[in-house]
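What follows is target-v2.cif (mmCIF, C-alpha atoms and all ligand atoms).
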data_entry
#
loop_
_atom_site.label_atom_id
_atom_site.label_comp_id
_atom_site.auth_asym_id
_atom_site.auth_seq_id
_atom_site.Cartn_x
_atom_site.Cartn_y
_atom_site.Cartn_z
CA MET D 38 -41.76 51.55 -59.27
CA ASN D 39 -40.48 50.08 -55.99
CA PHE D 40 -42.79 48.03 -53.78
CA ILE D 41 -43.37 50.58 -51.00
CA LEU D 42 -44.08 53.36 -53.50
CA TRP D 43 -46.47 50.95 -55.24
CA VAL D 44 -48.27 50.28 -51.90
CA HIS D 45 -48.38 54.05 -51.23
CA VAL D 46 -49.87 54.89 -54.63
CA PHE D 47 -52.26 51.91 -54.45
CA CYS D 48 -53.57 53.20 -51.08
CA VAL D 49 -53.92 56.67 -52.65
CA ILE D 50 -56.19 55.17 -55.33
CA LEU D 51 -58.14 53.12 -52.74
CA THR D 52 -58.67 56.01 -50.32
CA ILE D 53 -59.93 58.47 -52.95
CA SER D 54 -62.15 55.89 -54.70
CA GLY D 55 -63.67 54.89 -51.34
CA PHE D 56 -64.13 58.54 -50.37
CA ILE D 57 -65.95 59.33 -53.63
CA VAL D 58 -68.25 56.27 -53.30
CA ARG D 59 -69.05 57.04 -49.63
CA GLY D 60 -69.72 60.67 -50.61
CA ILE D 61 -72.26 59.47 -53.18
CA TRP D 62 -73.88 57.24 -50.51
CA MET D 63 -73.97 60.25 -48.18
CA LEU D 64 -75.73 62.34 -50.87
CA ALA D 65 -78.22 59.51 -51.45
CA ASP D 66 -78.77 58.94 -47.68
CA SER D 67 -77.84 55.31 -48.27
CA PRO D 68 -77.77 52.93 -45.26
CA LEU D 69 -74.65 51.32 -46.85
CA LEU D 70 -72.63 54.20 -45.36
CA HIS D 71 -73.22 52.80 -41.87
CA ARG D 72 -72.16 49.20 -42.53
CA PRO D 73 -69.33 48.20 -40.15
CA TRP D 74 -66.86 47.27 -42.94
CA VAL D 75 -67.54 50.59 -44.72
CA ARG D 76 -66.65 52.41 -41.49
CA VAL D 77 -63.54 50.36 -40.63
CA THR D 78 -61.82 49.82 -44.03
CA PRO D 79 -60.89 53.51 -44.62
CA HIS D 80 -58.98 53.57 -41.30
CA ILE D 81 -56.92 50.56 -42.40
CA VAL D 82 -56.24 52.08 -45.86
CA ASP D 83 -55.31 55.52 -44.47
CA THR D 84 -53.01 53.97 -41.84
CA LEU D 85 -51.25 51.92 -44.53
CA LEU D 86 -50.98 55.03 -46.74
CA LEU D 87 -49.32 56.93 -43.89
CA VAL D 88 -46.99 54.07 -42.91
CA ALA D 89 -45.89 53.59 -46.55
CA GLY D 90 -45.40 57.38 -46.90
CA ALA D 91 -43.32 57.50 -43.71
CA THR D 92 -41.22 54.54 -44.94
CA LEU D 93 -40.59 56.32 -48.26
CA ALA D 94 -39.63 59.48 -46.36
CA VAL D 95 -37.02 57.56 -44.32
CA ARG D 96 -35.76 55.93 -47.51
CA ILE D 97 -35.11 59.26 -49.28
CA HIS D 98 -33.94 60.99 -46.06
CA GLN D 99 -36.57 63.73 -46.33
CA TYR D 100 -39.00 64.37 -43.49
CA PRO D 101 -42.16 66.31 -42.58
CA GLY D 102 -41.09 69.31 -40.51
CA VAL D 103 -37.74 69.39 -42.34
CA ASN D 104 -38.68 69.31 -46.03
CA SER D 105 -41.56 71.65 -46.73
CA TRP D 106 -43.23 69.51 -49.43
CA LEU D 107 -43.53 66.62 -46.94
CA THR D 108 -44.80 68.99 -44.23
CA ALA D 109 -47.44 70.19 -46.70
CA LYS D 110 -48.40 66.60 -47.62
CA THR D 111 -48.74 65.52 -43.99
CA LEU D 112 -50.80 68.58 -43.04
CA GLY D 113 -52.85 67.98 -46.19
CA LEU D 114 -53.48 64.37 -45.13
CA VAL D 115 -54.64 65.53 -41.67
CA GLY D 116 -56.96 68.11 -43.32
CA TYR D 117 -58.33 65.51 -45.74
CA ILE D 118 -59.08 63.08 -42.89
CA LEU D 119 -60.72 65.76 -40.69
CA LEU D 120 -62.82 67.13 -43.56
CA GLY D 121 -63.76 63.55 -44.45
CA THR D 122 -65.04 62.95 -40.90
CA VAL D 123 -67.21 66.06 -41.13
CA ALA D 124 -68.47 65.06 -44.60
CA LEU D 125 -69.36 61.46 -43.74
CA LYS D 126 -70.02 61.43 -40.00
CA ARG D 127 -69.99 64.61 -37.93
CA GLY D 128 -71.58 67.17 -40.31
CA LYS D 129 -74.93 68.32 -38.92
CA THR D 130 -76.56 69.55 -42.14
CA LYS D 131 -76.47 68.09 -45.65
CA ARG D 132 -75.12 71.40 -46.99
CA GLY D 133 -72.26 71.38 -44.50
CA ARG D 134 -71.45 67.76 -45.34
CA ILE D 135 -71.38 68.48 -49.07
CA ALA D 136 -69.14 71.54 -48.54
CA ALA D 137 -66.72 69.44 -46.44
CA TRP D 138 -66.75 66.64 -49.04
CA VAL D 139 -65.92 68.99 -51.95
CA THR D 140 -63.21 70.75 -49.91
CA ALA D 141 -61.69 67.38 -48.99
CA LEU D 142 -61.52 66.48 -52.70
CA LEU D 143 -59.76 69.80 -53.46
CA VAL D 144 -57.28 69.20 -50.61
CA PHE D 145 -56.62 65.73 -52.03
CA GLY D 146 -55.91 67.24 -55.47
CA TYR D 147 -53.47 69.65 -53.82
CA ILE D 148 -51.65 66.75 -52.10
CA ILE D 149 -51.27 64.92 -55.43
CA ALA D 150 -49.85 68.11 -57.03
CA VAL D 151 -47.39 68.49 -54.11
CA ALA D 152 -46.39 64.80 -54.44
CA LEU D 153 -45.68 65.13 -58.17
CA THR D 154 -43.70 68.38 -57.96
CA ARG D 155 -42.16 67.99 -54.50
CA ASN D 156 -43.13 71.59 -53.98
CA PRO D 157 -45.53 72.89 -51.31
CA LEU D 158 -46.64 75.56 -53.82
CA PRO D 159 -47.12 73.39 -56.89
CA LEU D 160 -47.89 76.22 -59.30
CA GLY D 161 -45.92 74.86 -62.22
CA VAL D 162 -47.12 71.25 -61.99
CA LEU D 163 -46.81 70.47 -65.69
CA GLY D 164 -43.66 72.45 -66.37
CA ALA D 165 -41.87 71.01 -63.38
CA ALA D 166 -42.82 67.46 -64.30
CA ARG D 167 -41.43 68.04 -67.81
CA VAL D 168 -37.90 68.74 -66.63
CA GLN D 169 -37.78 66.08 -63.97
CA VAL D 170 -36.28 62.74 -64.82
CA ARG D 171 -36.67 59.78 -62.53
CA SER D 172 -33.36 58.00 -62.24
CA MET D 173 -34.67 54.54 -61.48
CA ALA D 174 -31.89 52.98 -63.55
CA ALA D 175 -29.30 54.31 -61.14
CA GLY D 176 -31.32 52.90 -58.24
CA HIS D 177 -31.87 56.43 -56.95
CA PRO D 178 -35.41 56.99 -55.67
CA GLY D 179 -35.41 60.73 -56.33
CA TYR D 180 -35.31 62.95 -59.33
CA ILE D 181 -32.30 64.22 -61.21
CA LEU D 182 -32.01 67.16 -63.53
CA ARG D 183 -30.36 66.65 -66.87
CA SER D 184 -28.21 69.76 -67.03
CA LYS D 185 -27.35 72.99 -65.30
CA LEU D 186 -29.56 74.79 -67.80
CA GLU D 187 -32.59 72.90 -66.54
CA VAL D 188 -31.93 74.01 -62.99
CA SER D 189 -32.68 77.58 -64.05
CA ASP D 190 -35.46 76.31 -66.35
CA ILE D 191 -37.26 74.67 -63.47
CA GLN D 192 -37.00 77.82 -61.35
CA ASP D 193 -38.33 79.93 -64.21
CA THR D 194 -41.13 77.47 -64.94
CA MET D 195 -42.30 77.48 -61.35
CA GLY D 196 -41.83 81.23 -61.18
CA LEU D 197 -40.53 80.71 -57.68
CA ASN D 198 -37.12 81.66 -56.46
CA THR D 199 -38.03 81.28 -52.83
CA PRO D 200 -35.60 79.71 -50.32
CA SER D 201 -37.73 76.57 -50.15
CA THR D 202 -37.66 76.11 -53.95
CA LEU D 203 -33.92 76.64 -54.02
CA ALA D 204 -33.44 74.23 -51.12
CA MET D 205 -35.43 71.67 -53.08
CA ILE D 206 -33.50 72.17 -56.32
CA ARG D 207 -29.95 72.41 -55.04
CA PRO D 208 -29.60 68.94 -53.48
CA ILE D 209 -31.17 67.36 -56.56
CA ALA D 210 -28.93 69.32 -58.91
CA ALA D 211 -25.85 68.42 -56.90
CA ASP D 212 -26.68 64.81 -57.62
CA ALA D 213 -26.77 65.24 -61.35
CA ILE D 214 -23.99 67.70 -62.12
C1 LIG D 301 -53.52 61.74 -49.01
C2 LIG D 301 -52.23 61.74 -48.77
C3 LIG D 301 -51.16 61.43 -49.81
C4 LIG D 301 -51.26 61.33 -51.16
C5 LIG D 301 -52.48 61.56 -52.05
C6 LIG D 301 -49.93 61.01 -51.67
C7 LIG D 301 -49.62 60.83 -53.00
C8 LIG D 301 -48.39 60.45 -53.47
C9 LIG D 301 -48.08 60.13 -54.85
C10 LIG D 301 -49.09 60.18 -56.01
C11 LIG D 301 -46.76 59.85 -54.92
C12 LIG D 301 -45.97 59.42 -56.16
C13 LIG D 301 -45.22 60.60 -56.74
C14 LIG D 301 -44.37 60.19 -57.92
O1 LIG D 301 -44.48 59.09 -58.43
O2 LIG D 301 -43.59 61.03 -58.34
C15 LIG D 301 -46.21 59.97 -53.59
C16 LIG D 301 -44.89 59.81 -53.26
C17 LIG D 301 -44.37 60.02 -52.00
N1 LIG D 301 -45.08 60.22 -50.83
FE1 LIG D 301 -47.08 60.50 -50.70
N2 LIG D 301 -49.06 60.92 -50.60
C18 LIG D 301 -49.78 61.17 -49.45
C19 LIG D 301 -49.30 61.20 -48.16
C20 LIG D 301 -47.96 61.11 -47.82
C21 LIG D 301 -47.42 61.30 -46.49
C22 LIG D 301 -48.24 61.64 -45.25
C23 LIG D 301 -46.05 61.14 -46.59
C24 LIG D 301 -44.97 61.25 -45.54
C25 LIG D 301 -45.11 61.26 -44.27
C26 LIG D 301 -45.75 60.84 -47.97
C27 LIG D 301 -44.49 60.60 -48.47
C28 LIG D 301 -44.19 60.36 -49.79
C29 LIG D 301 -42.82 60.26 -50.30
C30 LIG D 301 -41.55 60.39 -49.48
C31 LIG D 301 -42.95 60.05 -51.70
C32 LIG D 301 -41.81 60.00 -52.70
C33 LIG D 301 -41.29 58.63 -52.95
C34 LIG D 301 -40.22 58.66 -54.03
O3 LIG D 301 -40.35 59.35 -55.04
O4 LIG D 301 -39.28 57.94 -53.83
N3 LIG D 301 -46.93 60.82 -48.69
N4 LIG D 301 -47.22 60.34 -52.72
#
Re-express the file's structure as structure tokens.
Amino acid sequence: MNFILWVHVFCVILTISGFIVRGIWMLADSPLLHRPWVRVTPHIVDTLLLVAGATLAVRIHQYPGVNSWLTAKTLGLVGYILLGTVALKRGKTKRGRIAAWVTALLVFGYIIAVALTRNPLPLGVLGAARVQVRSMAAGHPGYILRSKLEVSDIQDTMGLNTPSTLAMIRPIAADAI
């Protein structure tokens, strides 16, 4: 795993662990939630996560607003941050805070699924992962497909023949075939 991707994934682990712990403090009405370092650290982690993500995007020449999976991830990140603010700061009632916290966790799960499949509609998460091969040996940061057969396999597995799926598959396949 290259260094920037490592930083990105490390920040992913930090942000979600911190969010779960702060959620538990919120449920318990703990004063720890209001400590200055508890309030500041998540901003640093989330900024680093975004900067590392943007650097990776430049590196693989795929961008939010151009490639739909990155658009979905970026919108997902904005949603996760906004829901997190409601859950841990702005929410007026405990019920509302809990609802925002659970929704933020679901949004986070969605972002992970999008990251692993490179698909904004990650319906076939497991199947897609099965036929994707990371070509680290060739120094290529993306995925390759092993054969032409798998190109149709991956489309069948995802059950999606939409333009965005095809746009995602074609450039990858062109690399491998
Ligand atoms: C909460 C937000 C995010 C989460 C949970 C997340 C999660 C992940 C994970 C788990 C991977 C590794 C996928 C793999 O190993 O196959 C990844 C890769 C990546 N992420 Fe994110 N990400 C987030 C936000 C972003 C944002 C906002 C961007 C871009 C602006 C971004 C750009 C990328 C890129 C380009 C890769 C692929 C790197 C590669 O395979 O070479 N991520 N992300």
Closest-contact table, region 98-156 of chain D side, partner region 47-69 of chain D, 9 Å, counting all atoms listed in the file, as a Markdown table:
| residue | atom | partner | partner_atom | distance |
| --- | --- | --- | --- | --- |
| D:Gly121 | CA | D:Phe56 | CA | 7.8 |
| D:Ala124 | CA | D:Gly60 | CA | 7.5 |
| D:Leu125 | CA | D:Met63 | CA | 6.5 |
| D:Lys131 | CA | D:Leu64 | CA | 7.8 |
| D:Arg134 | CA | D:Met63 | CA | 8.4 |
| D:Ile135 | CA | D:Leu64 | CA | 7.7 |
| D:Trp138 | CA | D:Gly60 | CA | 6.9 |
| D:Leu142 | CA | D:Ile53 | CA | 8.2 |
| D:Phe145 | CA | D:Ile53 | CA | 8.0 |
Could you give me, as an MDAnalysis selection string, every polymer residue with an atom at most 8 Å away from an atom of ligand LIG 301 (chain D), counting only C-alpha atoms and all ligand atoms?
-> chainID D and resid 42 45:46 49 52 83 86:97 99:101 107:108 110:114 117 145:146 148:149 152:154 178:180
Mind pulling up the distance from CA of Ala137 (chain D) to CA of Trp43 (chain D)?
->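 Computing it gives 28.8 Å between the two atoms.
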Give the centre and edge lengths of an axis-aligned box, in Å to one decimal, that holds all listed atoms of region 74-92 of chain D with 3 Å on each side, as AutoDock Vina command-line options.
--center_x -54.4 --center_y 52.4 --center_z -43.8 --size_x 32.3 --size_y 16.2 --size_z 12.3
Nearest-residue call for His71 (chain D), choices D:Ala141, D:Ala150, D:Lys126, D:Pro157, using all atoms listed in the file =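 Ranking D:Ala141, D:Ala150, D:Lys126, D:Pro157 by distance to His71 (chain D), first place goes to D:Lys126.
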Just give me the gap between CA of Leu119 (chain D) and CA of Thr140 (chain D) in Å, one decimal is fine.
->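 Result for CA of Leu119 (chain D) versus CA of Thr140 (chain D): 10.8 Å, one decimal.
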For CA of Val151 (chain D) and CA of Ile118 (chain D), the interatomic separation in Å (one decimal) =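 Pair CA of Val151 (chain D) / CA of Ile118 (chain D) returns 17.1 Å.
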